[in-house]
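Data file: structure_17.txt. Format and content: compact mmCIF, C-alpha atoms and all ligand atoms.
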```txt
# COMPACT_ATOMS: atom_id res chain seq x y z
CA MET A 288 -103.32 232.87 30.91
CA ILE A 289 -100.10 233.85 29.14
CA LYS A 290 -99.72 236.72 31.62
CA LEU A 291 -100.11 234.30 34.52
CA LYS A 292 -97.49 231.95 33.06
CA VAL A 293 -95.03 234.80 32.58
CA CYS A 294 -95.71 235.95 36.13
CA LEU A 295 -95.17 232.44 37.55
CA LEU A 296 -91.98 232.02 35.56
CA THR A 297 -90.70 235.41 36.76
CA CYS A 298 -91.53 234.49 40.38
CA ALA A 299 -89.75 231.14 40.04
CA PHE A 300 -86.76 232.93 38.53
CA MET A 301 -86.67 235.50 41.38
CA ILE A 302 -86.89 232.76 44.01
CA LYS A 303 -84.12 230.80 42.31
CA LEU A 304 -82.05 233.98 41.99
CA SER A 305 -82.42 234.99 45.61
CA PHE A 306 -81.71 231.42 46.73
CA THR A 307 -78.49 231.47 44.71
CA MET A 308 -77.66 234.85 46.23
CA LEU A 309 -78.29 233.59 49.74
CA SER A 310 -76.33 230.46 49.27
CA THR A 311 -73.34 232.58 48.31
CA HIS A 312 -73.95 235.62 50.55
CA PHE A 313 -74.35 234.68 54.14
CA LYS A 314 -71.14 235.03 56.17
CA CYS A 315 -70.59 238.62 55.05
CA ARG A 316 -73.91 239.93 56.40
CA GLY A 317 -74.86 241.03 59.89
CA GLY A 318 -72.76 241.43 63.03
CA ILE A 319 -69.52 243.31 63.57
CA TYR A 320 -67.09 243.76 60.70
CA PRO A 321 -63.74 241.95 61.30
CA ARG A 322 -60.96 243.81 63.19
CA SER A 323 -63.30 246.73 63.93
CA ASN A 324 -66.24 247.70 66.05
CA VAL A 325 -68.32 248.72 63.04
CA GLU A 326 -71.72 247.09 63.03
CA ARG A 327 -73.13 246.07 59.67
CA PHE A 328 -76.52 247.54 58.77
CA PRO A 329 -79.08 244.70 58.99
CA VAL A 330 -79.87 243.18 55.59
CA PRO A 331 -82.80 240.74 55.66
CA ASP A 332 -82.63 237.83 53.20
CA GLU A 333 -85.05 239.42 50.75
CA LYS A 334 -83.06 242.70 50.70
CA VAL A 335 -79.73 241.23 49.63
CA ILE A 336 -80.27 241.74 45.91
CA TRP A 337 -79.78 245.33 44.86
CA ASN A 338 -82.98 245.59 42.87
CA SER A 339 -85.12 244.85 45.88
CA GLU A 340 -85.99 248.32 47.20
CA TYR A 341 -84.56 249.14 50.67
CA LYS A 342 -85.16 252.85 51.35
CA GLN A 343 -83.92 252.71 54.96
CA TYR A 344 -80.57 251.15 53.93
CA GLN A 345 -77.76 253.30 55.41
CA PRO A 346 -74.61 251.23 55.73
CA GLN A 347 -71.60 252.75 57.51
CA ASN A 348 -68.63 253.65 55.37
CA TYR A 349 -65.49 251.95 56.67
CA THR A 350 -61.96 251.61 55.35
CA GLU A 351 -59.33 250.52 57.88
CA ALA A 352 -56.76 253.30 58.44
CA SER A 353 -53.80 250.89 58.09
CA LEU A 354 -54.57 250.39 54.37
CA TYR A 355 -53.49 253.92 53.46
CA GLY A 356 -50.04 254.03 51.88
CA LYS A 357 -49.74 250.23 51.61
CA PRO A 358 -48.19 249.31 48.22
CA TRP A 359 -50.70 246.47 47.73
CA ALA A 360 -53.74 248.64 48.47
CA ASP A 361 -55.65 251.10 46.26
CA PRO A 362 -55.91 254.79 47.20
CA ASP A 363 -59.34 256.24 47.89
CA ILE A 364 -61.77 256.70 45.03
CA GLY A 365 -61.78 260.37 44.09
CA ASN A 366 -58.02 260.73 44.73
CA SER A 367 -56.62 262.50 41.64
CA ASN A 368 -53.75 259.95 41.30
CA PHE A 369 -56.15 257.03 41.16
CA CYS A 370 -57.75 256.32 37.78
CA PRO A 371 -58.78 252.65 37.96
CA LYS A 372 -59.90 250.75 34.87
CA TRP A 373 -62.95 248.92 36.20
CA ASN A 374 -63.90 245.55 34.68
CA ALA A 375 -60.50 245.38 32.99
CA VAL A 376 -56.91 244.32 33.56
CA ASP A 377 -55.50 247.54 34.94
CA GLY A 378 -51.71 247.40 34.52
CA LYS A 379 -50.73 244.42 36.69
CA VAL A 380 -53.96 244.36 38.68
CA SER A 381 -56.96 242.45 37.43
CA ARG A 382 -60.17 244.34 38.17
CA VAL A 383 -62.16 241.78 36.19
CA SER A 384 -64.79 239.84 38.10
CA TYR A 385 -65.39 236.13 37.41
CA MET A 386 -69.06 236.99 37.97
CA GLY A 387 -69.22 239.13 34.80
CA PRO A 388 -69.20 242.93 34.52
CA TYR A 389 -70.07 244.67 37.79
CA GLN A 390 -71.75 248.06 38.03
CA ILE A 391 -70.11 251.33 38.96
CA ILE A 392 -72.51 253.45 41.01
CA ASN A 393 -71.46 257.06 41.75
CA GLY A 394 -67.87 256.05 40.99
CA TYR A 395 -67.89 252.98 43.29
CA PRO A 396 -67.87 249.33 42.17
CA GLN A 397 -70.95 247.48 43.39
CA ASN A 398 -70.79 244.03 44.99
CA PRO A 399 -72.18 241.67 42.30
CA ILE A 400 -74.13 239.54 44.80
CA GLY A 401 -75.79 242.34 46.73
CA ARG A 402 -75.87 244.27 50.00
CA THR A 403 -73.49 243.45 52.87
CA GLY A 404 -74.52 246.14 55.37
CA ILE A 405 -71.25 248.08 55.09
CA CYS A 406 -69.64 250.21 52.37
CA GLY A 407 -66.08 251.37 51.77
CA ARG A 408 -63.22 248.90 51.46
CA GLY A 409 -63.21 247.54 55.00
CA ILE A 410 -59.90 245.69 55.38
CA LEU A 411 -59.61 244.68 51.72
CA GLY A 412 -56.86 246.24 49.64
CA ARG A 413 -58.71 246.67 46.36
CA TRP A 414 -61.96 248.32 45.42
CA GLY A 415 -64.06 245.83 43.48
CA PRO A 416 -62.80 242.25 43.17
CA ASN A 417 -59.85 241.11 45.33
CA HIS A 418 -58.41 237.98 43.75
CA ALA A 419 -57.20 234.94 45.67
CA ALA A 420 -56.20 231.39 44.72
CA ASP A 421 -56.75 228.19 46.67
CA PRO A 422 -54.98 224.85 46.34
CA VAL A 423 -57.05 221.79 47.27
CA VAL A 424 -54.39 219.10 47.71
CA THR A 425 -55.99 215.67 48.07
CA ARG A 426 -55.13 211.99 48.63
CA TRP A 427 -57.04 208.84 49.64
CA LYS A 428 -56.99 208.00 53.33
CA ARG A 429 -54.96 204.81 53.81
CA PHE A 430 -54.10 202.32 56.53
CA ASP A 431 -50.38 201.88 57.32
CA SER A 432 -50.53 198.85 55.04
CA GLY A 433 -51.35 201.19 52.12
CA LYS A 434 -54.92 199.89 51.78
CA ILE A 435 -57.51 202.66 51.19
CA VAL A 436 -59.90 203.30 54.10
CA ILE A 437 -63.58 202.85 53.17
CA ASP A 438 -66.48 204.70 54.87
CA GLU A 439 -69.84 203.28 56.02
CA HIS A 440 -71.28 203.81 52.51
CA ASN A 441 -68.48 201.71 51.05
CA ARG A 442 -66.77 204.72 49.51
CA PRO A 443 -63.09 205.64 49.78
CA ILE A 444 -62.34 208.55 52.14
CA LEU A 445 -60.77 211.60 50.53
CA GLN A 446 -58.41 213.74 52.60
CA PHE A 447 -57.25 217.29 51.92
CA VAL A 448 -54.58 219.56 53.35
CA ALA A 449 -56.06 222.16 55.70
CA ILE A 450 -54.44 224.94 57.69
CA LYS A 451 -55.68 226.63 60.81
CA ARG A 452 -56.06 230.36 60.06
CA GLY A 453 -54.42 232.74 62.47
CA ASP A 454 -57.17 235.40 62.11
CA THR A 455 -60.35 233.39 62.72
CA GLY A 456 -59.01 230.09 64.07
CA GLU A 457 -61.06 228.23 61.42
CA TRP A 458 -59.74 225.36 59.29
CA ALA A 459 -59.21 226.51 55.72
CA LEU A 460 -57.55 225.75 52.41
CA PRO A 461 -53.99 227.11 52.37
CA GLY A 462 -54.84 229.85 49.87
CA GLY A 463 -53.83 233.48 49.52
CA MET A 464 -53.98 236.67 47.51
CA VAL A 465 -52.79 236.88 43.90
CA ASP A 466 -49.80 239.24 43.65
CA PRO A 467 -49.93 241.91 40.91
CA GLY A 468 -48.99 240.32 37.57
CA GLU A 469 -48.87 236.79 39.04
CA LYS A 470 -50.56 233.87 37.29
CA VAL A 471 -53.40 232.63 39.50
CA SER A 472 -52.24 229.00 39.22
CA ALA A 473 -48.76 230.09 40.42
CA THR A 474 -50.36 231.77 43.46
CA ALA A 475 -52.07 228.52 44.43
CA VAL A 476 -48.77 226.61 44.39
CA ARG A 477 -46.81 229.42 46.12
CA GLU A 478 -49.40 229.65 48.89
CA PHE A 479 -49.31 225.89 49.44
CA GLN A 480 -45.55 226.11 49.74
CA GLU A 481 -45.66 229.13 52.08
CA GLU A 482 -48.57 228.15 54.29
CA ALA A 483 -48.47 224.39 54.41
CA ILE A 484 -44.85 223.43 53.82
CA ASN A 485 -42.95 226.28 55.43
CA SER A 486 -44.84 225.85 58.66
CA LEU A 487 -43.45 222.31 58.97
CA VAL A 488 -40.19 221.74 60.75
CA MET A 489 -37.80 221.12 57.85
CA SER A 490 -34.28 222.20 57.10
CA GLU A 491 -33.62 224.47 54.12
CA GLU A 492 -32.08 221.44 52.34
CA GLU A 493 -35.22 219.36 52.91
CA LYS A 494 -37.39 222.22 51.68
CA LYS A 495 -35.33 222.47 48.48
CA ALA A 496 -35.63 218.73 47.88
CA TRP A 497 -39.35 219.01 48.51
CA ALA A 498 -39.76 221.81 45.98
CA GLN A 499 -38.03 219.78 43.26
CA LYS A 500 -39.91 216.59 43.95
CA PHE A 501 -43.28 218.27 43.74
CA HIS A 502 -42.62 220.52 40.78
CA GLU A 503 -44.34 218.17 38.33
CA PHE A 504 -47.16 217.29 40.67
CA PHE A 505 -48.21 220.92 40.84
CA ASN A 506 -48.33 221.24 37.06
CA GLU A 507 -51.40 219.06 36.98
CA GLY A 508 -54.01 221.17 38.81
CA GLU A 509 -57.64 221.15 37.71
CA ILE A 510 -59.93 224.15 38.28
CA VAL A 511 -62.77 223.14 40.59
CA TYR A 512 -64.20 226.55 41.51
CA LYS A 513 -63.99 230.04 40.08
CA GLY A 514 -66.05 232.88 41.46
CA TYR A 515 -67.29 234.97 44.36
CA VAL A 516 -66.39 234.04 47.93
CA ASP A 517 -68.71 234.62 50.88
CA ASP A 518 -65.90 236.14 52.96
CA ARG A 519 -66.46 238.10 56.22
CA ARG A 520 -64.29 240.93 54.84
CA ASN A 521 -66.62 241.68 51.88
CA THR A 522 -68.34 245.04 51.65
CA ASP A 523 -70.74 246.67 49.20
CA ASN A 524 -67.74 247.99 47.23
CA ALA A 525 -64.97 245.40 47.74
CA TRP A 526 -65.19 241.62 47.75
CA MET A 527 -63.20 238.38 47.50
CA GLU A 528 -63.10 236.07 44.50
CA THR A 529 -61.01 232.96 44.03
CA ILE A 530 -59.97 230.19 41.69
CA ALA A 531 -59.50 226.84 43.41
CA TYR A 532 -57.31 224.12 41.90
CA ASN A 533 -57.41 220.47 42.85
CA PHE A 534 -54.05 218.69 42.94
CA HIS A 535 -54.77 215.02 43.55
CA ASP A 536 -52.19 212.41 44.54
CA ASP A 537 -53.99 209.21 43.59
CA ASN A 538 -51.24 206.81 44.72
CA GLY A 539 -50.33 208.80 47.80
CA THR A 540 -46.66 208.65 46.88
CA ILE A 541 -45.84 212.31 46.27
CA VAL A 542 -47.58 214.99 48.34
CA GLY A 543 -49.74 212.26 49.84
CA ALA A 544 -46.64 210.87 51.54
CA LEU A 545 -46.10 214.12 53.47
CA LYS A 546 -46.41 213.57 57.19
CA LEU A 547 -48.35 216.62 58.31
CA HIS A 548 -48.35 215.82 62.02
CA ALA A 549 -52.07 214.99 61.80
CA GLY A 550 -54.07 216.45 64.66
CA ASP A 551 -51.29 218.71 65.88
CA ASP A 552 -52.97 222.11 66.19
CA ALA A 553 -49.71 223.79 67.15
CA VAL A 554 -48.36 223.05 63.69
CA GLY A 555 -51.66 224.22 62.22
CA VAL A 556 -51.51 222.09 59.09
CA ARG A 557 -52.93 218.62 58.65
CA TRP A 558 -54.70 216.09 56.47
CA VAL A 559 -58.43 216.31 57.14
CA ASP A 560 -61.14 213.84 56.05
CA ALA A 561 -63.31 215.56 53.43
CA THR A 562 -66.96 215.17 54.41
CA PRO A 563 -69.87 216.99 52.73
CA ASN A 564 -70.95 218.74 55.97
CA ILE A 565 -67.57 219.98 57.06
CA SER A 566 -67.47 223.62 58.22
CA LEU A 567 -64.56 225.65 56.83
CA TYR A 568 -63.48 229.27 56.42
CA ALA A 569 -65.45 231.49 53.96
CA SER A 570 -66.70 229.45 50.95
CA HIS A 571 -64.06 226.74 51.31
CA ASP A 572 -66.74 224.16 52.16
CA VAL A 573 -68.46 224.90 48.82
CA ILE A 574 -65.13 224.39 47.04
CA LEU A 575 -64.54 221.13 48.86
CA LYS A 576 -67.98 219.84 47.85
CA GLU A 577 -66.99 220.40 44.21
CA VAL A 578 -63.83 218.36 44.75
CA LEU A 579 -65.79 215.56 46.43
CA LYS A 580 -68.21 215.50 43.49
CA LYS A 581 -65.31 215.28 41.09
CA ARG A 582 -63.35 212.57 42.92
CA LEU A 583 -66.19 210.36 44.10
CA THR A 584 -68.42 210.19 41.01
C1 LIG B 601 -57.61 233.29 51.58
C2 LIG B 601 -58.18 232.32 50.58
C3 LIG B 601 -59.66 232.58 50.45
C4 LIG B 601 -59.88 234.03 50.10
C5 LIG B 601 -61.34 234.35 50.06
C6 LIG B 601 -57.87 234.70 51.16
O1 LIG B 601 -57.40 235.58 52.16
O2 LIG B 601 -56.22 233.10 51.75
O3 LIG B 601 -57.98 231.01 51.04
O4 LIG B 601 -60.29 231.75 49.50
O5 LIG B 601 -59.27 234.88 51.06
O6 LIG B 601 -61.98 234.10 51.25
```

Representation of the structure as structure tokens:
Amino acid sequence: MIKLKVCLLTCAFMIKLSFTMLSTHFKCRGGIYPRSNVERFPVPDEKVIWNSEYKQYQPQNYTEASLYGKPWADPDIGNSNFCPKWNAVDGKVSRVSYMGPYQIINGYPQNPIGRTGICGRGILGRWGPNHAADPVVTRWKRFDSGKIVIDEHNRPILQFVAIKRGDTGEWALPGGMVDPGEKVSATAVREFQEEAINSLVMSEEEKKAWAQKFHEFFNEGEIVYKGYVDDRRNTDNAWMETIAYNFHDDNGTIVGALKLHAGDDAVGVRWVDATPNISLYASHDVILKEVLKKRLT
């Protein structure tokens, strides 16, 4: 009886574990790896986790040639000048994963979620975790009169700033990679400035005024997500992680007053209604759901 209970509990745990894995490991499996013609080795749902045996698994090894010699990219593992400190802050580069310590197998960091069907670094600069930061800048949708717009469930509509990504054409948060030695919160603000504000038609003077006005607003970010990202660039040995910060303009008088040329795809930046089923780049929809939970409950 006790044995049966233990077995049932273990099964339930495995199902829960693989469900969690699947929910975070979907876009980076199957198909052709971005910017290449390398096909990922098929990884069925039940083979994602490393401890499920997969004897036939033979992923191709791929690292894009353009990465070599780039100052922001690691050299190859095995190169005598490259002695990375895994699971640690290595000089100015954090090789720490938000998912906890990752394994090093035959000298290579192992994706903490599981198989992706490709090994090597792909088009990512770092072996192991590649850190990004994402700003989720929000306001309430309002009529011209200033009154908040209510949806069919009698709830206020939250809007967030989205950009159209040049690489995949998908709508996304205006995030980016953390520079060596940079504070992750500073990356989120810098990326918002670079991707959302600089793409607007503004004079240098206007941009300066903007930067001053919003300085305080961007001091008040709250972490809404920290962890692995299901990004199409992930491989078995290199993957994306992010911290997302919510900056909310409740009165709509600071960032919320920015006219982002709503609907103008040529500008590529706009206020978008945040709905639970919205489809966004990588795990950005998961991040947005966290923000919705926070703002609407
Ligand atoms: C993007 C971030 C994103 C991260 C992980 C970065 O290139 O700029 O917005 O969260 O990749 O997908």

Given the choices A:Val424, A:Val471, A:Asn521, A:Gly508, which gets closest to Ile541 of chain A if the distance is worked out from only C-alpha atoms?
-> A:Val424

What are the closest atom pairs, with distances in Å to one decimal, for each residue of chain A lying within 6 Å of ligand LIG 601 (chain B), using only C-alpha atoms and all ligand atoms, rows by chain and rising residue number, as CSV?
```
residue,atom,partner,partner_atom,distance
A:Ala419,CA,B:LIG601,C4,5.3
A:Asp421,CA,B:LIG601,O3,5.3
A:Leu460,CA,B:LIG601,O3,5.5
A:Pro461,CA,B:LIG601,O3,5.7
A:Gly462,CA,B:LIG601,O3,3.5
A:Gly463,CA,B:LIG601,O2,3.3
A:Met464,CA,B:LIG601,C6,5.7
A:Val516,CA,B:LIG601,C5,5.5
A:Asp518,CA,B:LIG601,O6,4.7
A:Met527,CA,B:LIG601,C5,5.1
A:Thr529,CA,B:LIG601,O4,5.6
A:Ala569,CA,B:LIG601,O6,5.1
```

For those residues, write C-alpha atoms to a file as a CSV table (one decimal), keeping the file's coordinate frame.
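Saved result, out-v2.csv, follows:
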```csv
chain,number,residue,atom,x,y,z
A,419,ALA,CA,-57.2,234.9,45.7
A,421,ASP,CA,-56.8,228.2,46.7
A,460,LEU,CA,-57.6,225.8,52.4
A,461,PRO,CA,-54.0,227.1,52.4
A,462,GLY,CA,-54.8,229.8,49.9
A,463,GLY,CA,-53.8,233.5,49.5
A,464,MET,CA,-54.0,236.7,47.5
A,516,VAL,CA,-66.4,234.0,47.9
A,518,ASP,CA,-65.9,236.1,53.0
A,527,MET,CA,-63.2,238.4,47.5
A,529,THR,CA,-61.0,233.0,44.0
A,569,ALA,CA,-65.4,231.5,54.0
```

Which of these residues is nearest to Gly387 of chain A, using only C-alpha atoms: A:Leu354, A:Pro362, A:Pro416, A:Lys500?
-> A:Pro416

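Atom CA of Cys406 of chain A sits 5.4 Å away from atom CA of Thr522 of chain A.
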
Straight-line distance linking atom CA of Pro321 of chain A with atom CA of Tyr349 of chain A, stated in Å to one decimal |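 For atom CA of Pro321 of chain A relative to atom CA of Tyr349 of chain A, the distance reads 11.2 Å.
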
Where does segment 375-464 of chain A meet segment 323-339 of chain A within 7 Å, residue by residue, with the nearest atom pair and distance in Å to one decimal for each, counting all atoms listed in the file, listed by chain and rising number, as JSON lines?
```
{"residue": "A:Ile400", "atom": "CA", "partner": "A:Ile336", "partner_atom": "CA", "distance": 6.6}
{"residue": "A:Gly401", "atom": "CA", "partner": "A:Ile336", "partner_atom": "CA", "distance": 4.6}
{"residue": "A:Arg402", "atom": "CA", "partner": "A:Val335", "partner_atom": "CA", "distance": 4.9}
{"residue": "A:Thr403", "atom": "CA", "partner": "A:Val330", "partner_atom": "CA", "distance": 6.9}
{"residue": "A:Gly404", "atom": "CA", "partner": "A:Phe328", "partner_atom": "CA", "distance": 4.2}
{"residue": "A:Ile405", "atom": "CA", "partner": "A:Arg327", "partner_atom": "CA", "distance": 5.3}
```

Counting all atoms listed in the file, which of A:Arg557, A:His502, A:Lys546, A:Lys357 gets nearest to Trp458 of chain A?
->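 Among the listed residues, the smallest separation from Trp458 of chain A belongs to A:Arg557.
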
With all atoms listed in the file as the basis for distance, which of A:Asp523, A:Phe505, A:Asn417, A:Val511 is at the shortest distance from Gln345 of chain A?
-> A:Asp523

Can you pull out every residue within 10 Å of Ala352 of chain A, counting all atoms listed in the file, but drop anything in the same chain fewer than 4 positions away, and send it as a list of chain:residue names?
-> A:Gly356, A:Gly409, A:Ile410

For Glu528 of chain A, work out the shell of residues within 6 Å, counting only C-alpha atoms and skipping chain neighbours fewer than 3 positions away, then give it as an NGL selection string.
-> :A and (418 or 514-516)

Could the residues in this selection be saved with C-alpha atoms as a compact mmCIF listing (two decimals), keeping the file's coordinate frame?
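Final output, saved to out-v6.txt:
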```
# COMPACT_ATOMS: atom_id res chain seq x y z
CA HIS A 418 -58.41 237.98 43.75
CA GLY A 514 -66.05 232.88 41.46
CA TYR A 515 -67.29 234.97 44.36
CA VAL A 516 -66.39 234.04 47.93
```

Using all atoms listed in the file, which residues sit within 7 Å of Asp517 of chain A once same-chain residues fewer than 6 positions away are excluded, as a list in words?
->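 Counting all atoms listed in the file, the residues come to Thr311, His312, Phe313, Lys314, Cys315, Ala569 and Ser570 of chain A.
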